[in-house]
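Colleague: The structure that follows is given in the form of structure tokens.
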Amino acid sequence: MPFLGQDWRSPGQNWVKTEVGWKKTTADEKDNNVSVESFCKAEEEEECFNKENLLLSLSYDMAAKKRKKDIMNNNTKVPYFHREKWIYVHKGSTKERHGYCTLGEAFNRLDFCSAIKDTRRFNYVVRLLELIAKSKLPSLSGVAQKNYMNILERVVQKVLDDQQNVRPIKELLQMLYVSLCGLVQDMGKSVLVGNINTWLHRMENILQWHQQLDNIQIKRPTSTGMTLTALPVSLQLNIMQRLTDGRDLVSLGQVCPELGPLTEDRLLWKRLCQYHFTDRQIRKRLMVSDKGQLEWKKMYFKLSRCYPHREEYSDTLHFCTHCHILFWKDTNHPCTANNPESCTMALSPQDFINLFNF
């Protein structure tokens with residue numbers, strides 16, 4: 001591989017100064033076209049050439065310093081690349097394709113930028129960012145790591161604008177910051193790609209984003225229509241049953257004291273336990289009160305510390321086992337199977353990560 005430096009000339013080429021400026025010529029062109037007069041002129045202007053060469057080298061140094069400053073300040077943004085609706089996942093070399101598809105390549109090429117704006121896919125992308133922050137960030141390429149931070153910035157900005165999903169994004173930022181604290185200490189061991197100052201600056205950005213989310217003030221709606229507290233009790237319970245996170249029930253009772261007694265309903269917490277956990281898991285963590293009744297609320301939070309919650313998403317990535325194509329649910333892919341639906345499977349965020357473990 002040739003050396004790439006400030007002098008980009010290839011062998012056999014020279015730079016000759018003409019009336020219109022410097023011109024690149026080959027050795028053959030030099031023998032045929034360059035006259036004695038041009039040599040005399042070049043000799044007379046040798047001193048001027050040295051001065052211009054000095055200025056040129058200074059400009060290169062200034063450009064290099066500016067690029068370094070841009071990297072330090074993270075001002076240069078990487079675009080969201082191809083934004084493709086589907087990609088081919090190849091796990092080995094063939095006559096048609098060389099190499100294999102990595103997690104970083106899929107993360108760069110798939111259309112995650114538009115997925116952030118789609119409410120059906122937002123939670124899916126956030127969960128995927130959590131899994132990458134937990135254990136897969138060092139496996140990404142340098143471009144993919146920077147693209148990860150750019151997408152995360154888009155996610156934070158969307159939460160600040162919509163004033164929704166504040167808690168999961170704060171948890172994501174906290175998890176990422178803790179992971180980076182451990183990874184930065186191992187810099188120099190090929191853990192993270194890039195200068196350590198770049199990652200320290202990114203960690204400062206994470207703290208700033210977390211502070212912005214802490215200072216967010218959710219505005220009350222100005223609508224004068226019917227509120228939740230004005231609905232019948234049966235409808236209030238029906239709405240609460242749609243909540244899949246027990247922390248949302250606790251927050252609802254704290255924000256609205258009128259609904260506090262309803263948020264303690266044993267049936268609500270029982271359904272939450274049965275929704276997220278199996279019967280075997282529930283039997284291992286039974287808690288009985290003095291009255292002989294099961295403490296479903298306490299059991300829920302105890303089970304949450306021991307087992308992961310059930311995950312459901314409105315829209316997910318799908319994988320075709322016939323043509324090995326990864327695509328979003330509502331996009332068509334060029335499948336050659338007779339029945340494409342029979343050979344496609346929905347991927348959870350963890351399944352997406354495991355797809356590239358080879």
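Going by the structure tokens order, chains are called A, B, ..., each with residues numbered from 1, while ligands are numbered from 1 in the order shown.
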Can you list every residue in range 203-352 of chain A that DSSP puts in helix (DSSP H, G or I), as a ChimeraX atom specification?

Modeller: /A:203-214,228-230,233-240,246-255,257-263,266-276,279-284,296-306,340-343,349-352

Colleague: Would you save the residues from that selection as a compact mmCIF listing (two decimals), in the first residue's frame, using C-alpha atoms?

Modeller:
```
# COMPACT_ATOMS: atom_id res chain seq x y z
CA MET A 203 -19.07 11.66 28.23
CA GLU A 204 -19.46 15.34 29.06
CA ASN A 205 -22.21 15.53 26.45
CA ILE A 206 -23.96 12.57 28.09
CA LEU A 207 -23.92 14.37 31.44
CA GLN A 208 -25.29 17.51 29.80
CA TRP A 209 -28.11 15.55 28.14
CA HIS A 210 -28.95 13.91 31.45
CA GLN A 211 -29.07 17.31 33.13
CA GLN A 212 -31.37 18.65 30.41
CA LEU A 213 -33.73 15.73 30.97
CA ASP A 214 -33.65 16.37 34.73
CA LEU A 228 -59.01 11.02 33.66
CA THR A 229 -60.38 11.72 37.13
CA ALA A 230 -63.78 12.63 35.65
CA VAL A 233 -64.04 4.07 38.04
CA SER A 234 -64.45 1.13 35.67
CA LEU A 235 -62.95 3.13 32.79
CA GLN A 236 -60.13 4.38 34.98
CA LEU A 237 -59.21 0.81 35.87
CA ASN A 238 -59.50 -0.19 32.23
CA ILE A 239 -57.00 2.52 31.27
CA MET A 240 -54.60 1.56 34.05
CA GLY A 246 -45.44 -0.82 37.52
CA ARG A 247 -43.44 2.36 37.99
CA ASP A 248 -46.00 4.17 35.83
CA LEU A 249 -48.75 3.09 38.23
CA VAL A 250 -46.75 4.35 41.21
CA SER A 251 -46.09 7.67 39.48
CA LEU A 252 -49.76 8.01 38.58
CA GLY A 253 -50.76 7.60 42.22
CA GLN A 254 -48.20 10.17 43.33
CA VAL A 255 -49.16 12.76 40.71
CA PRO A 257 -53.90 11.62 44.74
CA GLU A 258 -57.51 10.94 43.69
CA LEU A 259 -56.34 7.88 41.77
CA GLY A 260 -54.02 6.69 44.54
CA PRO A 261 -56.40 4.04 45.95
CA LEU A 262 -57.04 2.62 42.46
CA THR A 263 -53.32 2.25 41.75
CA ARG A 266 -54.48 -6.01 43.77
CA LEU A 267 -55.94 -7.12 40.44
CA LEU A 268 -53.84 -4.56 38.55
CA TRP A 269 -50.61 -5.80 40.10
CA LYS A 270 -51.62 -9.43 39.65
CA ARG A 271 -52.11 -8.88 35.92
CA LEU A 272 -48.76 -7.10 35.72
CA CYS A 273 -47.04 -10.08 37.35
CA GLN A 274 -48.78 -12.56 35.06
CA TYR A 275 -47.99 -10.43 32.01
CA HIS A 276 -44.24 -10.17 32.58
CA ASP A 279 -46.05 -19.10 36.68
CA ARG A 280 -42.87 -20.87 37.73
CA GLN A 281 -41.11 -17.58 38.40
CA ILE A 282 -44.08 -16.29 40.38
CA ARG A 283 -44.22 -19.44 42.55
CA LYS A 284 -40.56 -18.98 43.48
CA TRP A 296 -48.84 -8.77 44.26
CA LYS A 297 -47.31 -5.31 44.30
CA LYS A 298 -44.33 -6.36 46.40
CA MET A 299 -44.00 -9.53 44.36
CA TYR A 300 -43.89 -7.50 41.14
CA PHE A 301 -40.93 -5.37 42.21
CA LYS A 302 -39.16 -8.39 43.69
CA LEU A 303 -39.63 -10.32 40.44
CA SER A 304 -38.44 -7.29 38.46
CA ARG A 305 -35.11 -7.41 40.28
CA CYS A 306 -34.68 -11.10 39.49
CA PRO A 340 -42.10 -15.11 1.89
CA GLU A 341 -44.18 -14.82 5.07
CA SER A 342 -43.43 -18.41 6.06
CA CYS A 343 -39.67 -17.85 6.15
CA PRO A 349 -33.45 -6.33 20.07
CA GLN A 350 -31.53 -9.19 21.69
CA ASP A 351 -32.15 -11.41 18.65
CA PHE A 352 -30.79 -8.63 16.46
```

Colleague: What does the structure give for the distance between CA of Trp86 in chain A and CA of Leu192 in chain A, in Å to one decimal?

Modeller: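 That distance, rounded to one decimal, is 27.9 Å.
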
Colleague: For His324 in chain A, find every residue with an atom within 9 Å (counting only C-alpha atoms), except residues of its own chain fewer than 5 positions away, and show them as a list in words.

Modeller: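 My list of contacting residues is Ile87, Tyr88, Val89, His90 and Phe319 of chain A.
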
Colleague: I'd like the contact shell of Ile116 in chain A - 10 Å cut-off, only C-alpha atoms, skipping same-chain residues fewer than 6 positions apart - returned as a ChimeraX atom specification.

Modeller: /A:122-126,151-152,154-155,158

Colleague: Output C-alpha atoms of each residue in that selection to a file, as an mmCIF file, in the first residue's frame.

Modeller:
```cif
data_model
loop_
_atom_site.group_PDB
_atom_site.id
_atom_site.type_symbol
_atom_site.label_atom_id
_atom_site.label_comp_id
_atom_site.auth_asym_id
_atom_site.auth_seq_id
_atom_site.Cartn_x
_atom_site.Cartn_y
_atom_site.Cartn_z
ATOM 1 C CA PHE A 122 -38.891 4.296 18.986
ATOM 2 C CA ASN A 123 -38.871 1.893 21.952
ATOM 3 C CA TYR A 124 -37.289 -0.797 19.783
ATOM 4 C CA VAL A 125 -34.381 1.472 18.836
ATOM 5 C CA VAL A 126 -33.940 2.642 22.443
ATOM 6 C CA ILE A 151 -28.282 8.747 16.820
ATOM 7 C CA LEU A 152 -28.345 8.994 20.617
ATOM 8 C CA ARG A 154 -31.250 12.619 17.967
ATOM 9 C CA VAL A 155 -33.109 10.474 20.500
ATOM 10 C CA LYS A 158 -36.792 14.084 20.315
#
```

Colleague: Find the distance between CA of Thr331 in chain A and CA of Leu347 in chain A and write it in Å to one decimal.

Modeller: 14.8 Å

Colleague: Just give me the gap between CA of Arg220 in chain A and CA of Gln163 in chain A in Å, one decimal is fine.

Modeller: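 Atom-to-atom, CA of Arg220 in chain A and CA of Gln163 in chain A are spaced 11.0 Å apart.
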
Colleague: Closest to Ser314 in chain A among A:Val166, A:Ala115, A:Leu110, A:Ile353, using only C-alpha atoms?

Modeller: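 Of the candidates, the smallest distance to Ser314 in chain A is held by A:Ala115.
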
Colleague: Nearest to Leu355 in chain A: which of A:Thr102, A:Ser179, A:Thr278, A:Gln164 is it, counting only C-alpha atoms?

Modeller: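 Once distances to Leu355 in chain A are computed over only C-alpha atoms, the minimum belongs to A:Thr102.
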